[in-house]
There are 2 protein chains.
Amino acid sequence: MPGHHHTRSRRTTERKGDARERAILDTCEALLAQKGYEAMTVGDIAQGAGITRGALYFYFGSKQEVVTALVARTVEHLWERSRATAQADEPRQAIEAAMRRTVELWNEHGLVMRTAIDLSLTVPEIGELWSHTAVLFITAITAVLERAGIQPGTEPEQASAMASALCWMIERTFYHASQESREELQRASATCEHIWLTSAGLTT
Amino acid sequence: MPGHHHTRSRRTTERKGDARERAILDTCEALLAQKGYEAMTVGDIAQGAGITRGALYFYFGSKQEVVTALVARTVEHLWERSRATAQADEPRQAIEAAMRRTVELWNEHGLVMRTAIDLSLTVPEIGELWSHTAVLFITAITAVLERAGIQPGTEPEQASAMASALCWMIERTFYHASQESREELQRASATCEHIWLTSAGLTT
DNA sequence: ATAAAAATCGACGTCGTGTAGAGTCTGTGG
DNA sequence: CCACAGACTCTACACGACGTCGATTTTTAT
């Protein structure tokens, strides 16, 4: 939460700080890529953004808050795209579309998504953000499973529970694959799609 | 790697330091449970073990080394038990046995396993340990899948790739469930078992 | 143009890590 | 019995990173 901007929302001219804030997050993302969370120091971020540590603390209360804001910005992007995706009726098509979209997301934001997962435990706010995202995916998967004929409910062999497990499978598989290469991500996607299909009973 | 014990292996009388070393790891495990990795300070561990920080640094070179040793100790236990488990011929039985064993492992060592996963990125040694453990599980799952008639190979819809995805599914699902309760762990197990079975084409 | 708000800076206090060196305990060979 | 080596422990210190504070400058609105 940047310093003291109460009603930044409706404002015609952009405050100078808005640009700085963006610069800080961009720098943070870049540093995260080349040094990782631990090694990245607040001084580094500030320097990268062209200000001093003291100035950075005007915008964010801590290193964790910076990263949290970065995750929030990215996650918001995910939600936006999820909403925009039309829900196909045919389960097979829905699954294929979902997996394609997931590949895109991980290609674009793999780094931030990985750090979000890593910090979910230590930074409660990030954990909240990520678990909320997971819920979105799980309900989507649940819907597809049910439409494919899987019995609704939360018992171990019913749609909701299976959707959770499938969601975690996808998360973890993509997490690892996105550390390797785009090709690996593509292969991971195919594998997950196959398991999802057979779990939905759609194996022709 | 504790201080300078070159050939501690064959030795009848237990050095005083061996007990200390164990006390340190035990304390570390306890603190990990109640404070988490970040909040746990080297001073805390030393105090819990009844020595000063300086003394602790005689045994371990850093906080990370302490935790690494703890993970190593636990993981060694996992490998041991994995080796001891007889491989059932019948895929269905093998899967059921594997899941039961997995539940036991997470019930006993859930905490350390979770921290191992969390630190896999930041502490390379732990990452190594854990990925080696994962390989064991993946090869085991692969074997079962192949025995159930899944085509061998590393292509997306072949045994090896599917085994990876299933392993990550189990890891992540148990990771979350073990934070909740034993009941949740049991339910998670049932769900994973079901998906594994259908993926293996064993749904009667 | 000017006053309020936003933004920036440099210095400081704190905490946790890891290191250094000096001191103590314990068992073993002369 | 003694002296020595190696195991073990402690206190003190240096370093780095975080987060805070008050003073100061720049930007914005009227």
# chains A, B, ... in the order shown; residues from 1 in each chain; ligands from 1
>>> residues_around(residues="C:DG10", least_positions_apart="6", cutoff="10 Å", atoms="only C-alpha atoms (C1' of nucleotides)", output="list in words")
Thr52 and Gly54 of chain A; DA23 of chain D
>>> residues_around(residues="A:Trp196", least_positions_apart="3", cutoff="8 Å", atoms="only C-alpha atoms (C1' of nucleotides)", output="ChimeraX atom specification")
/A:95,166,192-193,199-200
>>> interface_residues(of="chain D", to="chain B", cutoff="9 Å", atoms="only C-alpha atoms (C1' of nucleotides)", output="tab-separated table (two decimals) with C-alpha atoms (C1' of nucleotides), in the first residue's frame")
chain	number	residue	atom	x	y	z
D	7	DA	C1'	36.73	-32.02	21.42
D	8	DC	C1'	33.94	-28.65	23.02
D	9	DT	C1'	32.26	-24.06	24.68
D	10	DC	C1'	32.06	-19.27	25.42
D	11	DT	C1'	32.33	-14.00	24.83
>>> residues_around(residues="B:Ala72", least_positions_apart="4", cutoff="9 Å", atoms="only C-alpha atoms (C1' of nucleotides)", output="PDB file with N, CA and C atoms, in the first residue's frame")
ATOM      1  N   VAL B  67      19.272 -27.026   8.969  1.00  0.00           N
ATOM      2  CA  VAL B  67      18.026 -27.506   8.375  1.00  0.00           C
ATOM      3  C   VAL B  67      18.307 -28.577   7.321  1.00  0.00           C
ATOM      4  N   THR B  68      19.362 -28.372   6.564  1.00  0.00           N
ATOM      5  CA  THR B  68      19.718 -29.379   5.569  1.00  0.00           C
ATOM      6  C   THR B  68      19.977 -30.729   6.234  1.00  0.00           C
ATOM      7  N   GLU B  76      16.436 -39.703   4.705  1.00  0.00           N
ATOM      8  CA  GLU B  76      17.081 -41.000   4.821  1.00  0.00           C
ATOM      9  C   GLU B  76      16.087 -42.027   5.352  1.00  0.00           C
ATOM     10  N   HIS B  77      15.280 -41.559   6.267  1.00  0.00           N
ATOM     11  CA  HIS B  77      14.247 -42.418   6.829  1.00  0.00           C
ATOM     12  C   HIS B  77      13.252 -42.844   5.749  1.00  0.00           C
ATOM     13  N   ILE B 126      19.161 -28.891  -0.258  1.00  0.00           N
ATOM     14  CA  ILE B 126      17.860 -29.463   0.059  1.00  0.00           C
ATOM     15  C   ILE B 126      17.109 -29.788  -1.217  1.00  0.00           C
ATOM     16  N   LEU B 129      18.366 -33.061  -2.414  1.00  0.00           N
ATOM     17  CA  LEU B 129      17.826 -34.143  -1.587  1.00  0.00           C
ATOM     18  C   LEU B 129      16.389 -34.473  -1.994  1.00  0.00           C
TER      19      LEU B 129
END
>>> atom_distance(atom1="atom CA of A:Gln179", atom2="atom CA of A:Tyr37")
15.4 Å
>>> interface_residues(of="chain C", to="chain B", cutoff="12 Å", atoms="only C-alpha atoms (C1' of nucleotides)", output="mmCIF file with N, CA and C atoms (P, O5', C5', C4', C3', O3' and C1' of nucleotides), in the first residue's frame")
data_model
loop_
_atom_site.group_PDB
_atom_site.id
_atom_site.type_symbol
_atom_site.label_atom_id
_atom_site.label_comp_id
_atom_site.auth_asym_id
_atom_site.auth_seq_id
_atom_site.Cartn_x
_atom_site.Cartn_y
_atom_site.Cartn_z
ATOM 1 P P DC C 15 16.468 -5.081 18.841
ATOM 2 O "O5'" DC C 15 16.659 -6.240 17.769
ATOM 3 C "C5'" DC C 15 15.830 -6.241 16.600
ATOM 4 C "C4'" DC C 15 16.445 -7.176 15.582
ATOM 5 C "C3'" DC C 15 17.011 -8.464 16.188
ATOM 6 O "O3'" DC C 15 16.533 -9.563 15.435
ATOM 7 C "C1'" DC C 15 18.630 -7.422 14.814
ATOM 8 P P DG C 16 16.542 -11.013 16.088
ATOM 9 O "O5'" DG C 16 17.418 -11.852 15.049
ATOM 10 C "C5'" DG C 16 17.094 -11.826 13.671
ATOM 11 C "C4'" DG C 16 18.312 -12.214 12.868
ATOM 12 C "C3'" DG C 16 19.082 -13.406 13.439
ATOM 13 O "O3'" DG C 16 19.245 -14.405 12.456
ATOM 14 C "C1'" DG C 16 20.541 -11.594 13.019
ATOM 15 P P DT C 17 20.009 -15.755 12.745
ATOM 16 O "O5'" DT C 17 21.150 -15.883 11.653
ATOM 17 C "C5'" DT C 17 21.088 -15.172 10.432
ATOM 18 C "C4'" DT C 17 22.484 -14.764 9.993
ATOM 19 C "C3'" DT C 17 23.533 -15.858 10.110
ATOM 20 O "O3'" DT C 17 23.899 -16.298 8.811
ATOM 21 C "C1'" DT C 17 24.337 -13.739 10.916
ATOM 22 P P DG C 18 24.598 -17.710 8.579
ATOM 23 O "O5'" DG C 18 26.134 -17.407 8.884
ATOM 24 C "C5'" DG C 18 26.821 -16.520 8.025
ATOM 25 C "C4'" DG C 18 28.124 -16.071 8.657
ATOM 26 C "C3'" DG C 18 29.080 -17.202 9.077
ATOM 27 O "O3'" DG C 18 30.346 -16.954 8.488
ATOM 28 C "C1'" DG C 18 28.871 -15.599 10.796
ATOM 29 P P DT C 19 31.556 -17.920 8.777
ATOM 30 O "O5'" DT C 19 32.536 -17.020 9.654
ATOM 31 C "C5'" DT C 19 32.733 -15.654 9.298
ATOM 32 C "C4'" DT C 19 33.814 -15.050 10.184
ATOM 33 C "C3'" DT C 19 34.967 -15.994 10.510
ATOM 34 O "O3'" DT C 19 36.183 -15.260 10.433
ATOM 35 C "C1'" DT C 19 33.943 -15.265 12.520
ATOM 36 P P DA C 20 37.563 -16.035 10.616
ATOM 37 O "O5'" DA C 20 38.049 -15.516 12.031
ATOM 38 C "C5'" DA C 20 37.597 -14.230 12.504
ATOM 39 C "C4'" DA C 20 38.300 -13.917 13.809
ATOM 40 C "C3'" DA C 20 39.491 -14.819 14.103
ATOM 41 O "O3'" DA C 20 40.503 -14.064 14.760
ATOM 42 C "C1'" DA C 20 37.837 -15.118 15.774
ATOM 43 P P DG C 21 41.925 -14.741 14.953
ATOM 44 O "O5'" DG C 21 42.027 -14.801 16.543
ATOM 45 C "C5'" DG C 21 41.516 -13.730 17.318
ATOM 46 C "C4'" DG C 21 41.311 -14.186 18.746
ATOM 47 C "C3'" DG C 21 42.407 -15.128 19.251
ATOM 48 O "O3'" DG C 21 42.702 -14.809 20.606
ATOM 49 C "C1'" DG C 21 40.320 -16.129 19.535
ATOM 50 P P DC C 25 36.148 -26.713 33.367
ATOM 51 O "O5'" DC C 25 35.944 -28.119 32.638
ATOM 52 C "C5'" DC C 25 34.823 -28.290 31.772
ATOM 53 C "C4'" DC C 25 35.101 -29.465 30.842
ATOM 54 C "C3'" DC C 25 35.482 -30.780 31.550
ATOM 55 O "O3'" DC C 25 34.579 -31.777 31.140
ATOM 56 C "C1'" DC C 25 36.945 -30.305 29.740
ATOM 57 P P DT C 26 34.494 -33.173 31.905
ATOM 58 O "O5'" DT C 26 35.250 -34.188 30.934
ATOM 59 C "C5'" DT C 26 35.087 -34.057 29.521
ATOM 60 C "C4'" DT C 26 35.979 -35.050 28.806
ATOM 61 C "C3'" DT C 26 36.412 -36.244 29.650
ATOM 62 O "O3'" DT C 26 36.448 -37.396 28.830
ATOM 63 C "C1'" DT C 26 38.316 -35.156 28.841
ATOM 64 P P DG C 27 36.177 -38.841 29.504
ATOM 65 O "O5'" DG C 27 37.180 -39.777 28.691
ATOM 66 C "C5'" DG C 27 37.214 -39.687 27.289
ATOM 67 C "C4'" DG C 27 38.647 -39.734 26.789
ATOM 68 C "C3'" DG C 27 39.441 -40.986 27.220
ATOM 69 O "O3'" DG C 27 40.148 -41.433 26.091
ATOM 70 C "C1'" DG C 27 40.664 -39.065 27.709
#
>>> interface_residues(of="chain B", to="chain A", cutoff="8 Å", atoms="only C-alpha atoms", output="NGL selection string")
:B and (38 or 118 or 122 or 155-157 or 161-162 or 164-166 or 168-170 or 172-173 or 187-188 or 190-192 or 194-195 or 198-199)
>>> residues_around(residues="C:DG30", least_positions_apart="5", cutoff="12 Å", atoms="only C-alpha atoms (C1' of nucleotides)", output="PDB file with C-alpha atoms (C1' of nucleotides), in the first residue's frame")
ATOM      1  C1'  DC D   1      50.666 -38.665  37.901  1.00  0.00           C
ATOM      2  C1'  DC D   2      51.237 -35.442  34.296  1.00  0.00           C
ATOM      3  C1'  DA D   3      51.144 -33.354  30.032  1.00  0.00           C
ATOM      4  C1'  DC D   4      49.265 -32.941  25.761  1.00  0.00           C
TER       5       DC D   4
END
>>> atom_distance(atom1="atom C1' of C:DA11", atom2="atom CA of A:Gly48")
21.7 Å
>>> residues_around(residues="B:Pro91", least_positions_apart="6", cutoff="9 Å", atoms="only C-alpha atoms (C1' of nucleotides)", output="list of chain:residue names")
B:Val144, B:Leu145, B:Arg147, B:Ala148, B:Leu197, B:Ala200, B:Leu202
>>> write_last_selection(atoms="C-alpha atoms", output="JSON list (two decimals), in the first residue's frame")
[["chain", "number", "residue", "atom", "x", "y", "z"],
["B", 144, "VAL", "CA", 3.27, -49.65, -11.70],
["B", 145, "LEU", "CA", 1.83, -47.85, -14.72],
["B", 147, "ARG", "CA", 2.72, -53.14, -15.35],
["B", 148, "ALA", "CA", -0.85, -51.94, -15.74],
["B", 197, "LEU", "CA", -6.18, -45.85, -10.81],
["B", 200, "ALA", "CA", -3.63, -46.48, -15.16],
["B", 202, "LEU", "CA", -7.76, -49.79, -13.89]]
>>> residues_around(residues="D:DT30", least_positions_apart="5", cutoff="12 Å", atoms="only C-alpha atoms (C1' of nucleotides)", output="list in words")
DA1, DT2, DA3 and DA4 of chain C
>>> decode(residues="stretch 112-126 of chain B", atoms="C-alpha atoms", output="PDB file, in the first residue's frame")
ATOM      1  CA  VAL B 112       9.953 -31.564   7.658  1.00  0.00           C
ATOM      2  CA  MET B 113       8.759 -32.613   4.223  1.00  0.00           C
ATOM      3  CA  ARG B 114       6.876 -29.371   3.818  1.00  0.00           C
ATOM      4  CA  THR B 115       9.859 -27.275   4.812  1.00  0.00           C
ATOM      5  CA  ALA B 116      12.048 -29.332   2.506  1.00  0.00           C
ATOM      6  CA  ILE B 117       9.728 -28.471  -0.357  1.00  0.00           C
ATOM      7  CA  ASP B 118       9.632 -24.826   0.634  1.00  0.00           C
ATOM      8  CA  LEU B 119      13.397 -24.535   0.810  1.00  0.00           C
ATOM      9  CA  SER B 120      14.130 -26.555  -2.302  1.00  0.00           C
ATOM     10  CA  LEU B 121      14.636 -23.402  -4.310  1.00  0.00           C
ATOM     11  CA  THR B 122      16.634 -21.315  -1.879  1.00  0.00           C
ATOM     12  CA  VAL B 123      18.848 -24.081  -0.490  1.00  0.00           C
ATOM     13  CA  PRO B 124      20.304 -26.070  -3.373  1.00  0.00           C
ATOM     14  CA  GLU B 125      21.391 -28.945  -1.149  1.00  0.00           C
ATOM     15  CA  ILE B 126      17.860 -29.463   0.059  1.00  0.00           C
TER      16      ILE B 126
END
